[in-house]
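Everything on this sheet refers to the single structure shown next.
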Number of protein chains: 2
Amino acid sequence: MASITIRDVAKKAGVGVGTVSRVLNNNPSVSPETRQKVLETISELEYQPNPIARRLSLGKTLTIAVIAPFFTRPAFVQRFRGIESVLAESEYDFVMYNVETAARRDFCFREVPRRDRIDGLLIMSLIPTSNDAQRFQEANIPTVLLDAAHPDFNRVIIDDLHGGYLATKHLLDLGHRHIGYISDILAKSPFNYHSIFERHQGYQNALAEAGIPYRPDYVLQGEVDQNVGRELTKQLLADNPEITAVFAYSDTQAIGVMQAAREMNLRVPEDLSVIGYDDIEISEYLHLTTIQQKLMQSGVQAAKLLLAEINQPSTHPREIISPTTLVRRQTTSLLKTYSLPETN
Amino acid sequence: MASITIRDVAKKAGVGVGTVSRVLNNNPSVSPETRQKVLETISELEYQPNPIARRLSLGKTLTIAVIAPFFTRPAFVQRFRGIESVLAESEYDFVMYNVETAARRDFCFREVPRRDRIDGLLIMSLIPTSNDAQRFQEANIPTVLLDAAHPDFNRVIIDDLHGGYLATKHLLDLGHRHIGYISDILAKSPFNYHSIFERHQGYQNALAEAGIPYRPDYVLQGEVDQNVGRELTKQLLADNPEITAVFAYSDTQAIGVMQAAREMNLRVPEDLSVIGYDDIEISEYLHLTTIQQKLMQSGVQAAKLLLAEINQPSTHPREIISPTTLVRRQTTSLLKTYSLPETN
DNA sequence: CTGTTAGCGCGTTCAC
DNA sequence: GTGAACGCGCTAACAG
């Protein structure tokens, strides 16, 4: 019943364990004949090296940790899929740590980054505090951030500044001047998504460029949730009936916006233009105009970057920017009282 | 820079490594004073035992593998969340193997179930072939199936037979007699989801109970995908215009059904009743009548069952049945030409 | 080229 | 109650 070990192979092949190990690790200094014999014995015995013993001996864990709020938003799942596809091809196992609370986040940031646990760390959509950052540095573990910016770390960031700008600009181009923004929670979020601030800033930039003053009362914040989005929208439109267009931080919230519109007897897009963010699967069915990001691709990029860092740590943190683009569908339209500029 | 080991602790505390180990593992035969002193040194040095060395010494991997088609359907993600929540509390790491192709499935079923890799195996929505089953048995690894039935294994199965029945019965109760079924692919699927056959059987059972002949031409099969669902529905309704209600294998496909209805100028539910399956998040927004299953809960149950099996293997495979219920919303209604029985 | 041996860090005997 | 020594299975360094 006991598993078969390298020693069994050595004995049966009539060689030393060192030789078997060399064959296993493609060490060139083995004669073709011996190599052949060892290989045969290995397949006869169906021997496979014990991964744990291998790790202990190598002083490597062959393990990568992914810390992420996977399930809180559909978009995250797609990124994760990209990560998985790359790591599955590598020699690394990966263990995932799902973060849904601040306590869990702190726990993960404290306990996971240890050299005797992992060889590499991938953090998605969570920004390390300066304390965290320092500890990570000390642990000296190759780390990559995905959808989270921090100057000290390798990172793949989404061009949310541009995305927020694009969304707002699209509405402005359609003639809208009173544009609400349903945001994720901007301040003191225990998670501090990078994207929350960037999209908001992009919104502000587009307004500024158009010479329209930023109105804080046009910006309401709440969780990424349909029902929350719906209630916020009702409040936003009740307080500011002049609003003709709403930009939502996520498609999920945009669905809530449309829900509110329906319940307030506002037609979309005739009475209210709605634009979301992410381009999740359902958005196409709902004909939702939105900002698309390359979700899976960014996961792939982050995982590849991490593997590269493990093999050859770079001295200076690298940054990859993943693009965002406008996907125009049917929930945004020209402001009724607005004529397009002559040029068009 | 080198990590601190049990030996460092022993030296600093002026004891032997054996004693430190005993303290670590709550072995009672340590005097309170020595224990106290060791504990202090441990926290002074911020010592934490090396997990890999521990595994090698214990002969346990402290690792659980989850093999699943995670990302192919939204419902799977919720189950996975349940699994994660339980395993995160345990001492086990878990590594996930995402299966999106038959080749990947075979690879995982062949390579993953080895005692020197994992202590437990959780397989979601994939049915082992008899070859697989035999190999698993030989590997002698505690295994739990979730959403997949096999007499030889512990399992948490969804009551899909009842769910399929419930959905069809609901339509029958509303007076519908020509009920189409948009199924996942029934035959020769490389994945052989348990649920595919059960829901289909439930559909047949309800029809039989109502004395309505099963019509194979009312059953179309395709991937769980909105667009596929849409095209199948168009074909189904074009070929069989007498159909007044459609049961879809999944909410995702049900959305495709509604899409088709819209494009064919059929009102839902006035002209066509639609019922889905799963009750994913979006379904509430779409007012989709559907069959709900306790997705997250079933993941929790499966993970707990696996942990129990690891601690105390049962001689006979255990089966847990997770219930399904009808969630009535607004996409199903009374057949126009139909009057309810007097009693109601 | 190849066999032997010393660790990797921990748990667990086995004497004391 | 406690320390020393052995072994988990493998890699790598060292002789030969």
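Just so we're on the same page: first chain in the structure tokens is A, next is B, and so on; residues restart at 1 for each chain, and ligands are numbered from 1 in the order they show up.
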*Would you please give, as a ChimeraX atom specification, all residues of region 11-229 of chain B that DSSP assigns to strand (DSSP E) based on the backbone?*
/B:63-68,93-98,120-124,143-146,154-158,179-183,219-221
Please tabulate, as a Markdown table, the residues of chain B that come within 8 Å of chain A, each with its closest pair of atoms and the distance in Å to one decimal, counting only C-alpha atoms and ordering rows by chain, then residue number upward.
```
| residue | atom | partner | partner_atom | distance |
| --- | --- | --- | --- | --- |
| B:Asn50 | CA | A:Asp116 | CA | 5.9 |
| B:Pro51 | CA | A:Arg117 | CA | 6.8 |
| B:Ile52 | CA | A:Leu56 | CA | 6.1 |
| B:Ala53 | CA | A:Leu56 | CA | 6.1 |
| B:Arg55 | CA | A:Ile52 | CA | 7.2 |
| B:Leu56 | CA | A:Ile52 | CA | 6.1 |
| B:Thr61 | CA | A:Ile52 | CA | 7.4 |
| B:Phe71 | CA | A:Arg81 | CA | 7.0 |
| B:Val77 | CA | A:Phe71 | CA | 7.3 |
| B:Gln78 | CA | A:Phe71 | CA | 7.7 |
| B:Arg81 | CA | A:Phe71 | CA | 7.0 |
| B:Glu84 | CA | A:Asn98 | CA | 7.4 |
| B:Ala88 | CA | A:Tyr97 | CA | 7.6 |
| B:Asp93 | CA | A:Val95 | CA | 6.6 |
| B:Phe94 | CA | A:Val95 | CA | 5.6 |
| B:Val95 | CA | A:Val95 | CA | 4.7 |
| B:Met96 | CA | A:Val95 | CA | 7.0 |
| B:Tyr97 | CA | A:Ala88 | CA | 7.6 |
| B:Asn98 | CA | A:Glu84 | CA | 7.3 |
| B:Asp116 | CA | A:Asn50 | CA | 5.8 |
| B:Arg117 | CA | A:Pro51 | CA | 6.7 |
| B:Ile255 | CA | A:Tyr285 | CA | 7.9 |
| B:Gln259 | CA | A:Tyr285 | CA | 7.4 |
| B:Tyr285 | CA | A:Gln259 | CA | 7.5 |
```
Take the residues from that selection and write them out as a PDB file, in the first residue's frame, keeping N, CA and C atoms.
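Ended up saving to selection_14.pdb:
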```pdb
ATOM      1  N   ASN B  50       7.006  25.421   9.561  1.00  0.00           N
ATOM      2  CA  ASN B  50       7.002  25.293   8.102  1.00  0.00           C
ATOM      3  C   ASN B  50       5.969  24.251   7.667  1.00  0.00           C
ATOM      4  N   PRO B  51       4.983  24.693   6.921  1.00  0.00           N
ATOM      5  CA  PRO B  51       3.880  23.795   6.558  1.00  0.00           C
ATOM      6  C   PRO B  51       4.342  22.597   5.725  1.00  0.00           C
ATOM      7  N   ILE B  52       5.305  22.832   4.872  1.00  0.00           N
ATOM      8  CA  ILE B  52       5.731  21.743   3.983  1.00  0.00           C
ATOM      9  C   ILE B  52       6.446  20.648   4.753  1.00  0.00           C
ATOM     10  N   ALA B  53       7.332  21.068   5.634  1.00  0.00           N
ATOM     11  CA  ALA B  53       8.044  20.083   6.455  1.00  0.00           C
ATOM     12  C   ALA B  53       7.035  19.312   7.298  1.00  0.00           C
ATOM     13  N   ARG B  55       3.993  18.658   6.590  1.00  0.00           N
ATOM     14  CA  ARG B  55       3.266  17.700   5.760  1.00  0.00           C
ATOM     15  C   ARG B  55       4.088  16.443   5.492  1.00  0.00           C
ATOM     16  N   LEU B  56       5.330  16.673   5.172  1.00  0.00           N
ATOM     17  CA  LEU B  56       6.181  15.528   4.870  1.00  0.00           C
ATOM     18  C   LEU B  56       6.277  14.614   6.078  1.00  0.00           C
ATOM     19  N   THR B  61      -1.062  15.706   3.227  1.00  0.00           N
ATOM     20  CA  THR B  61      -0.803  16.841   2.349  1.00  0.00           C
ATOM     21  C   THR B  61      -1.498  18.112   2.829  1.00  0.00           C
ATOM     22  N   PHE B  71     -16.518  27.971 -14.279  1.00  0.00           N
ATOM     23  CA  PHE B  71     -16.865  29.246 -14.881  1.00  0.00           C
ATOM     24  C   PHE B  71     -17.856  29.114 -16.014  1.00  0.00           C
ATOM     25  N   VAL B  77     -20.515  29.079  -9.702  1.00  0.00           N
ATOM     26  CA  VAL B  77     -19.736  30.002  -8.886  1.00  0.00           C
ATOM     27  C   VAL B  77     -20.307  30.094  -7.475  1.00  0.00           C
ATOM     28  N   GLN B  78     -21.610  30.092  -7.385  1.00  0.00           N
ATOM     29  CA  GLN B  78     -22.234  30.158  -6.063  1.00  0.00           C
ATOM     30  C   GLN B  78     -21.923  28.910  -5.242  1.00  0.00           C
ATOM     31  N   ARG B  81     -18.526  29.101  -3.926  1.00  0.00           N
ATOM     32  CA  ARG B  81     -18.434  30.021  -2.801  1.00  0.00           C
ATOM     33  C   ARG B  81     -18.751  29.307  -1.494  1.00  0.00           C
ATOM     34  N   GLU B  84     -15.781  27.141  -0.588  1.00  0.00           N
ATOM     35  CA  GLU B  84     -14.671  27.956  -0.098  1.00  0.00           C
ATOM     36  C   GLU B  84     -14.891  28.361   1.351  1.00  0.00           C
ATOM     37  N   ALA B  88     -12.069  27.342   4.036  1.00  0.00           N
ATOM     38  CA  ALA B  88     -11.246  28.431   4.559  1.00  0.00           C
ATOM     39  C   ALA B  88     -11.122  28.336   6.077  1.00  0.00           C
ATOM     40  N   ASP B  93      -5.560  23.570   2.845  1.00  0.00           N
ATOM     41  CA  ASP B  93      -5.476  24.396   1.659  1.00  0.00           C
ATOM     42  C   ASP B  93      -6.372  23.763   0.614  1.00  0.00           C
ATOM     43  N   PHE B  94      -6.851  24.549  -0.286  1.00  0.00           N
ATOM     44  CA  PHE B  94      -7.458  23.861  -1.401  1.00  0.00           C
ATOM     45  C   PHE B  94      -7.046  24.481  -2.723  1.00  0.00           C
ATOM     46  N   VAL B  95      -6.806  23.574  -3.639  1.00  0.00           N
ATOM     47  CA  VAL B  95      -6.378  23.993  -4.966  1.00  0.00           C
ATOM     48  C   VAL B  95      -7.500  23.628  -5.914  1.00  0.00           C
ATOM     49  N   MET B  96      -7.720  24.506  -6.860  1.00  0.00           N
ATOM     50  CA  MET B  96      -8.829  24.247  -7.744  1.00  0.00           C
ATOM     51  C   MET B  96      -8.362  23.892  -9.142  1.00  0.00           C
ATOM     52  N   TYR B  97      -9.103  23.012  -9.745  1.00  0.00           N
ATOM     53  CA  TYR B  97      -8.829  22.608 -11.110  1.00  0.00           C
ATOM     54  C   TYR B  97     -10.071  22.913 -11.933  1.00  0.00           C
ATOM     55  N   ASN B  98      -9.925  23.878 -12.786  1.00  0.00           N
ATOM     56  CA  ASN B  98     -11.054  24.278 -13.621  1.00  0.00           C
ATOM     57  C   ASN B  98     -11.105  23.417 -14.872  1.00  0.00           C
ATOM     58  N   ASP B 116      -0.291  11.371  -2.470  1.00  0.00           N
ATOM     59  CA  ASP B 116       0.813  12.258  -2.127  1.00  0.00           C
ATOM     60  C   ASP B 116       0.554  13.682  -2.633  1.00  0.00           C
ATOM     61  N   ARG B 117      -0.593  13.887  -3.217  1.00  0.00           N
ATOM     62  CA  ARG B 117      -0.972  15.236  -3.642  1.00  0.00           C
ATOM     63  C   ARG B 117      -2.069  15.817  -2.773  1.00  0.00           C
ATOM     64  N   ILE B 255     -33.149  33.115 -20.641  1.00  0.00           N
ATOM     65  CA  ILE B 255     -32.965  34.477 -21.138  1.00  0.00           C
ATOM     66  C   ILE B 255     -32.922  34.465 -22.661  1.00  0.00           C
ATOM     67  N   GLN B 259     -35.363  36.276 -25.293  1.00  0.00           N
ATOM     68  CA  GLN B 259     -34.794  37.055 -26.380  1.00  0.00           C
ATOM     69  C   GLN B 259     -35.464  36.644 -27.708  1.00  0.00           C
ATOM     70  N   TYR B 285     -34.301  40.316 -11.394  1.00  0.00           N
ATOM     71  CA  TYR B 285     -34.477  41.548 -12.156  1.00  0.00           C
ATOM     72  C   TYR B 285     -35.332  41.306 -13.393  1.00  0.00           C
TER      73      TYR B 285
END
```
*If we count only C-alpha atoms (C1' of nucleotides), which residues of chain A reach to within 8 Å of chain C? Please list them as number ranges by chain.*
A: 15-16, 18-19, 29-31, 56-59
*Got a sec to pull out which chain D residues are within 10 Å of chain B, counting only C-alpha atoms (C1' of nucleotides), and send them as a VMD selection string?*
chain D and resid 1 to 4 7 to 9
*Please report, as a PyMOL selection string, each residue of region 23-142 of chain A to which DSSP assigns helix (DSSP H, G or I) when run on this structure's backbone.*
chain A and resi 23-24+32-45+51-58+74-89+102-111+130-139
*Compile the contact shell of Leu145 (chain B) as a PyMOL selection string: residues with an atom at most 10 Å away, counting only C-alpha atoms (C1' of nucleotides), same-chain residues fewer than 3 positions apart removed.*
chain B and resi 66-67+121-128+148-150+153-157+302-303+305-306+319
*asked:* Can you tell me which residues surround Leu237 (chain A) at a distance of at most 12 Å, considering only C-alpha atoms (C1' of nucleotides), apart from same-chain residues fewer than 3 positions away, and format the answer as an MDAnalysis selection string?
replied: chainID A and resid 178:182 217:220 230:234 240:246 257 260:261 263:266 271:272
Write the residues of the selection above to a file with C-alpha atoms, as a JSON list (two decimals), in the first residue's frame.
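Writing done, so here's selection_19.json:
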```json
[["chain", "number", "residue", "atom", "x", "y", "z"],
["A", 178, "HIS", "CA", -27.03, 66.82, -16.10],
["A", 179, "ILE", "CA", -25.33, 63.52, -15.60],
["A", 180, "GLY", "CA", -25.67, 61.53, -12.42],
["A", 181, "TYR", "CA", -23.14, 59.01, -11.22],
["A", 182, "ILE", "CA", -24.00, 55.95, -9.18],
["A", 217, "ASP", "CA", -25.15, 65.98, -5.17],
["A", 218, "TYR", "CA", -25.17, 64.21, -8.54],
["A", 219, "VAL", "CA", -22.95, 61.49, -7.16],
["A", 220, "LEU", "CA", -24.51, 58.83, -4.97],
["A", 230, "ARG", "CA", -32.22, 51.01, -7.87],
["A", 231, "GLU", "CA", -32.88, 52.81, -4.61],
["A", 232, "LEU", "CA", -30.03, 55.26, -5.10],
["A", 233, "THR", "CA", -31.31, 56.10, -8.54],
["A", 234, "LYS", "CA", -34.80, 56.75, -7.27],
["A", 240, "ASN", "CA", -32.61, 66.15, -9.17],
["A", 241, "PRO", "CA", -35.33, 65.78, -11.78],
["A", 242, "GLU", "CA", -33.22, 67.66, -14.32],
["A", 243, "ILE", "CA", -30.89, 64.68, -14.65],
["A", 244, "THR", "CA", -31.22, 63.05, -18.06],
["A", 245, "ALA", "CA", -28.42, 60.54, -17.96],
["A", 246, "VAL", "CA", -26.84, 58.23, -15.42],
["A", 257, "VAL", "CA", -30.77, 52.14, -12.58],
["A", 260, "ALA", "CA", -35.65, 52.38, -11.07],
["A", 261, "ALA", "CA", -36.42, 54.04, -14.38],
["A", 263, "GLU", "CA", -40.63, 51.88, -11.75],
["A", 264, "MET", "CA", -40.63, 55.66, -12.18],
["A", 265, "ASN", "CA", -42.18, 55.33, -15.62],
["A", 266, "LEU", "CA", -39.14, 56.71, -17.34],
["A", 271, "ASP", "CA", -36.25, 59.79, -20.94],
["A", 272, "LEU", "CA", -33.09, 58.55, -19.32]]
```
